[in-house]
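> Starting off with a structure, shown below.
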Amino acid sequence: MAEVLITLAAIITCVTFLMVLWRFIKGPSPVDRIIAFDGLTIVSITGILFAALAAERGIYLDVALVYALLSFLGVIVVARFLERGF
Amino acid sequence: MAEFLDILGALLLLAGTIFLLLGGLGLVRMPDIYNRIQAGTKATTLGTLLSLVGVAFLHPEWSLKLLLIGVFLLFTNPLSSQVLARAAHRTGAHKSSAMIVDHLEDDLGEKP
């Protein structure tokens with residue numbers, strides 16, 4: 001029962017990733033693309049959770065934490081670059 | 001009892017991914033850039049937090065790391081949302097027919 005629900009949740013996450021990727025490719029303005037990039041990283045953190053569940057290894061959560069930190073810095077840096085253009 | 005906790009955790013995980021799906025749907029369907037910011041950061045924040053709680057029910061020994069990730073997400077997601085909205089306004093990418101009133105532009109225009 002629980003395994004079926006987790007598999008369904010993983011499939012929904014993959015569908016979400018593809019939808020946000022569509023906005024990332026199509027997005028008319030650069031800010032749309034950064035919003036989609038932010039969404040992609042947040043969905044990817046959930047994907048790393050599924051990888052940790054599938055492998056039964058808690059060390060993958062450290063990867064998720066560092067990934068969240070670096071992607072946040074990336075979003076901030078690109079947004080500041082668009083504002084000022086330094 | 002352990003089986004009940006497993007099913008509860010899986011249901012919370014599924015609810016979180018459904019919120020992620022709704023956020024992605026809003027990101028695809030919304031007409032305006034500010035609407036996309038709302039859908040893309042608020043709904044996905046709740047979805048990720050629910051997923052973290054669900055994984056904590058499935059594996060209670062990972063709770064500390066999951067709490068750390070959750071607190072970090074609660075700090076960073078509103079901040080990135082605000083920075084993205086400011087970048088949208090300053091680059092002028094927010095102009096659309098759906099936007100009628102822009103108080104920030106009025107306030108900036110009144111400065112000498």
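By convention in this document, the chains of the structure tokens carry letters A, B, ... by their order, each chain's residues are numbered from 1, and ligands are numbered from 1 in the order they are shown.
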Which residues are close to region 75-86 of chain A, i.e. within 12 Å by only C-alpha atoms, leaving aside same-chain residues fewer than 3 positions away? Reply as an MDAnalysis selection string.
(chainID A and resid 29:42 68:72) or (chainID B and resid 76:93)
> Write the selection just made, keeping C-alpha atoms, as an mmCIF file, in the first residue's frame?

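The resulting file, out28.cif, is shown below:
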data_model
loop_
_atom_site.group_PDB
_atom_site.id
_atom_site.type_symbol
_atom_site.label_atom_id
_atom_site.label_comp_id
_atom_site.auth_asym_id
_atom_site.auth_seq_id
_atom_site.Cartn_x
_atom_site.Cartn_y
_atom_site.Cartn_z
ATOM 1 C CA SER A 29 11.126 37.062 -20.429
ATOM 2 C CA PRO A 30 14.331 36.185 -18.559
ATOM 3 C CA VAL A 31 12.566 36.677 -15.211
ATOM 4 C CA ASP A 32 10.076 33.963 -16.208
ATOM 5 C CA ARG A 33 13.019 31.655 -16.769
ATOM 6 C CA ILE A 34 14.480 32.392 -13.320
ATOM 7 C CA ILE A 35 11.092 31.719 -11.711
ATOM 8 C CA ALA A 36 10.953 28.409 -13.547
ATOM 9 C CA PHE A 37 14.544 27.664 -12.468
ATOM 10 C CA ASP A 38 13.586 28.298 -8.840
ATOM 11 C CA GLY A 39 10.654 25.931 -9.251
ATOM 12 C CA LEU A 40 12.880 23.310 -10.871
ATOM 13 C CA THR A 41 15.296 23.337 -7.948
ATOM 14 C CA ILE A 42 12.465 23.024 -5.407
ATOM 15 C CA ALA A 68 19.076 23.939 -1.731
ATOM 16 C CA LEU A 69 21.792 26.325 -0.507
ATOM 17 C CA LEU A 70 23.583 26.537 -3.853
ATOM 18 C CA SER A 71 20.426 26.865 -5.952
ATOM 19 C CA PHE A 72 19.179 29.679 -3.688
ATOM 20 C CA THR B 76 15.027 31.076 1.533
ATOM 21 C CA ASN B 77 11.816 30.696 -0.496
ATOM 22 C CA PRO B 78 10.136 33.998 0.505
ATOM 23 C CA LEU B 79 13.470 35.760 0.045
ATOM 24 C CA SER B 80 13.932 34.463 -3.491
ATOM 25 C CA SER B 81 10.294 35.329 -4.240
ATOM 26 C CA GLN B 82 10.853 38.920 -3.154
ATOM 27 C CA VAL B 83 14.102 39.231 -5.109
ATOM 28 C CA LEU B 84 12.414 37.835 -8.232
ATOM 29 C CA ALA B 85 9.502 40.278 -7.930
ATOM 30 C CA ARG B 86 11.932 43.179 -7.561
ATOM 31 C CA ALA B 87 13.904 42.008 -10.592
ATOM 32 C CA ALA B 88 10.658 41.723 -12.588
ATOM 33 C CA HIS B 89 9.683 45.284 -11.716
ATOM 34 C CA ARG B 90 13.096 46.793 -12.381
ATOM 35 C CA THR B 91 13.595 45.097 -15.727
ATOM 36 C CA GLY B 92 10.095 46.096 -16.835
ATOM 37 C CA ALA B 93 9.102 42.516 -17.596
#
> Counting only C-alpha atoms, give me one row per residue of chain B with an atom at most 8 Å from an atom of chain A, showing the shortest contact pair and its distance in Å to one decimal, sorted by chain then residue number, as CSV.

residue,atom,partner,partner_atom,distance
B:Asp6,CA,A:Ala2,CA,6.1
B:Ile7,CA,A:Ala2,CA,5.0
B:Ala10,CA,A:Ala2,CA,5.6
B:Leu11,CA,A:Leu5,CA,6.9
B:Leu13,CA,A:Ala9,CA,6.7
B:Leu14,CA,A:Ala9,CA,4.9
B:Thr17,CA,A:Ala9,CA,5.9
B:Ile18,CA,A:Ile12,CA,7.1
B:Leu20,CA,A:Thr16,CA,6.8
B:Leu21,CA,A:Thr16,CA,5.1
B:Gly24,CA,A:Val20,CA,5.5
B:Leu25,CA,A:Met19,CA,7.1
B:Leu27,CA,A:Val20,CA,6.7
B:Val28,CA,A:Arg23,CA,5.9
B:Ile33,CA,A:Asp32,CA,6.7
B:Arg36,CA,A:Ile35,CA,7.6
B:Ile37,CA,A:Ile35,CA,6.4
B:Gly40,CA,A:Gly39,CA,5.8
B:Thr41,CA,A:Gly39,CA,6.9
B:Thr44,CA,A:Ile42,CA,6.9
B:Thr45,CA,A:Ile42,CA,7.8
B:Thr48,CA,A:Thr46,CA,6.4
B:Ser51,CA,A:Thr46,CA,7.0
B:Leu52,CA,A:Leu49,CA,7.9
B:Val55,CA,A:Leu49,CA,7.6
B:Trp62,CA,A:Gly58,CA,6.4
B:Lys65,CA,A:Leu61,CA,6.7
B:Leu66,CA,A:Leu61,CA,7.4
B:Leu68,CA,A:Leu65,CA,7.9
B:Ile69,CA,A:Leu65,CA,5.7
B:Leu73,CA,A:Ala68,CA,7.6
B:Thr76,CA,A:Phe72,CA,6.8
B:Ser80,CA,A:Ile76,CA,6.4
B:Val83,CA,A:Ala79,CA,6.7
B:Leu84,CA,A:Ala79,CA,6.1
B:Ala87,CA,A:Glu83,CA,5.3
B:Ala88,CA,A:Val31,CA,6.0
B:Arg90,CA,A:Glu83,CA,6.0
B:Thr91,CA,A:Glu83,CA,6.1
B:Ala93,CA,A:Ser29,CA,6.5
> Would you mind exporting the chosen residues as a PDB file, in the first residue's frame, restricted to C-alpha atoms?

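selection.pdb, freshly written:
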ATOM      1  CA  ASP B   6       4.043   4.172   6.813  1.00  0.00           C
ATOM      2  CA  ILE B   7       0.675   4.746   5.157  1.00  0.00           C
ATOM      3  CA  ALA B  10       3.025   8.032   2.130  1.00  0.00           C
ATOM      4  CA  LEU B  11      -0.259   9.951   2.108  1.00  0.00           C
ATOM      5  CA  LEU B  13       4.153  12.619   0.613  1.00  0.00           C
ATOM      6  CA  LEU B  14       1.423  12.248  -2.004  1.00  0.00           C
ATOM      7  CA  THR B  17       3.555  16.207  -4.549  1.00  0.00           C
ATOM      8  CA  ILE B  18      -0.037  17.161  -5.459  1.00  0.00           C
ATOM      9  CA  LEU B  20       3.871  20.671  -6.268  1.00  0.00           C
ATOM     10  CA  LEU B  21       1.789  19.631  -9.284  1.00  0.00           C
ATOM     11  CA  GLY B  24       3.642  23.666 -11.696  1.00  0.00           C
ATOM     12  CA  LEU B  25       0.204  23.950 -13.286  1.00  0.00           C
ATOM     13  CA  LEU B  27       3.433  28.230 -13.477  1.00  0.00           C
ATOM     14  CA  VAL B  28       2.286  26.976 -16.895  1.00  0.00           C
ATOM     15  CA  ILE B  33       4.575  37.328 -14.227  1.00  0.00           C
ATOM     16  CA  ARG B  36       3.605  33.030 -11.841  1.00  0.00           C
ATOM     17  CA  ILE B  37       5.818  34.131  -8.936  1.00  0.00           C
ATOM     18  CA  GLY B  40       5.876  29.071  -8.360  1.00  0.00           C
ATOM     19  CA  THR B  41       7.054  29.871  -4.840  1.00  0.00           C
ATOM     20  CA  THR B  44       5.876  24.640  -4.029  1.00  0.00           C
ATOM     21  CA  THR B  45       6.984  25.705  -0.526  1.00  0.00           C
ATOM     22  CA  THR B  48       8.035  20.505  -0.256  1.00  0.00           C
ATOM     23  CA  SER B  51       6.856  15.958   1.493  1.00  0.00           C
ATOM     24  CA  LEU B  52       9.519  16.465   4.183  1.00  0.00           C
ATOM     25  CA  VAL B  55       9.481  11.316   4.745  1.00  0.00           C
ATOM     26  CA  TRP B  62      16.147  11.189   9.495  1.00  0.00           C
ATOM     27  CA  LYS B  65      18.139  16.566   8.735  1.00  0.00           C
ATOM     28  CA  LEU B  66      14.616  16.915   7.351  1.00  0.00           C
ATOM     29  CA  LEU B  68      17.040  21.417   8.904  1.00  0.00           C
ATOM     30  CA  ILE B  69      16.045  21.337   5.222  1.00  0.00           C
ATOM     31  CA  LEU B  73      13.402  26.320   2.810  1.00  0.00           C
ATOM     32  CA  THR B  76      15.027  31.076   1.533  1.00  0.00           C
ATOM     33  CA  SER B  80      13.932  34.463  -3.491  1.00  0.00           C
ATOM     34  CA  VAL B  83      14.102  39.231  -5.109  1.00  0.00           C
ATOM     35  CA  LEU B  84      12.414  37.835  -8.232  1.00  0.00           C
ATOM     36  CA  ALA B  87      13.904  42.008 -10.592  1.00  0.00           C
ATOM     37  CA  ALA B  88      10.658  41.723 -12.588  1.00  0.00           C
ATOM     38  CA  ARG B  90      13.096  46.793 -12.381  1.00  0.00           C
ATOM     39  CA  THR B  91      13.595  45.097 -15.727  1.00  0.00           C
ATOM     40  CA  ALA B  93       9.102  42.516 -17.596  1.00  0.00           C
TER      41      ALA B  93
END
> Provide the CA of Gly47 (chain B) to CA of Ala51 (chain A) distance in Å, to one decimal place.
17.1 Å
> Can you tell me how far CA of Phe72 (chain B) sits from CA of Leu5 (chain B), in Å to one decimal?
25.4 Å
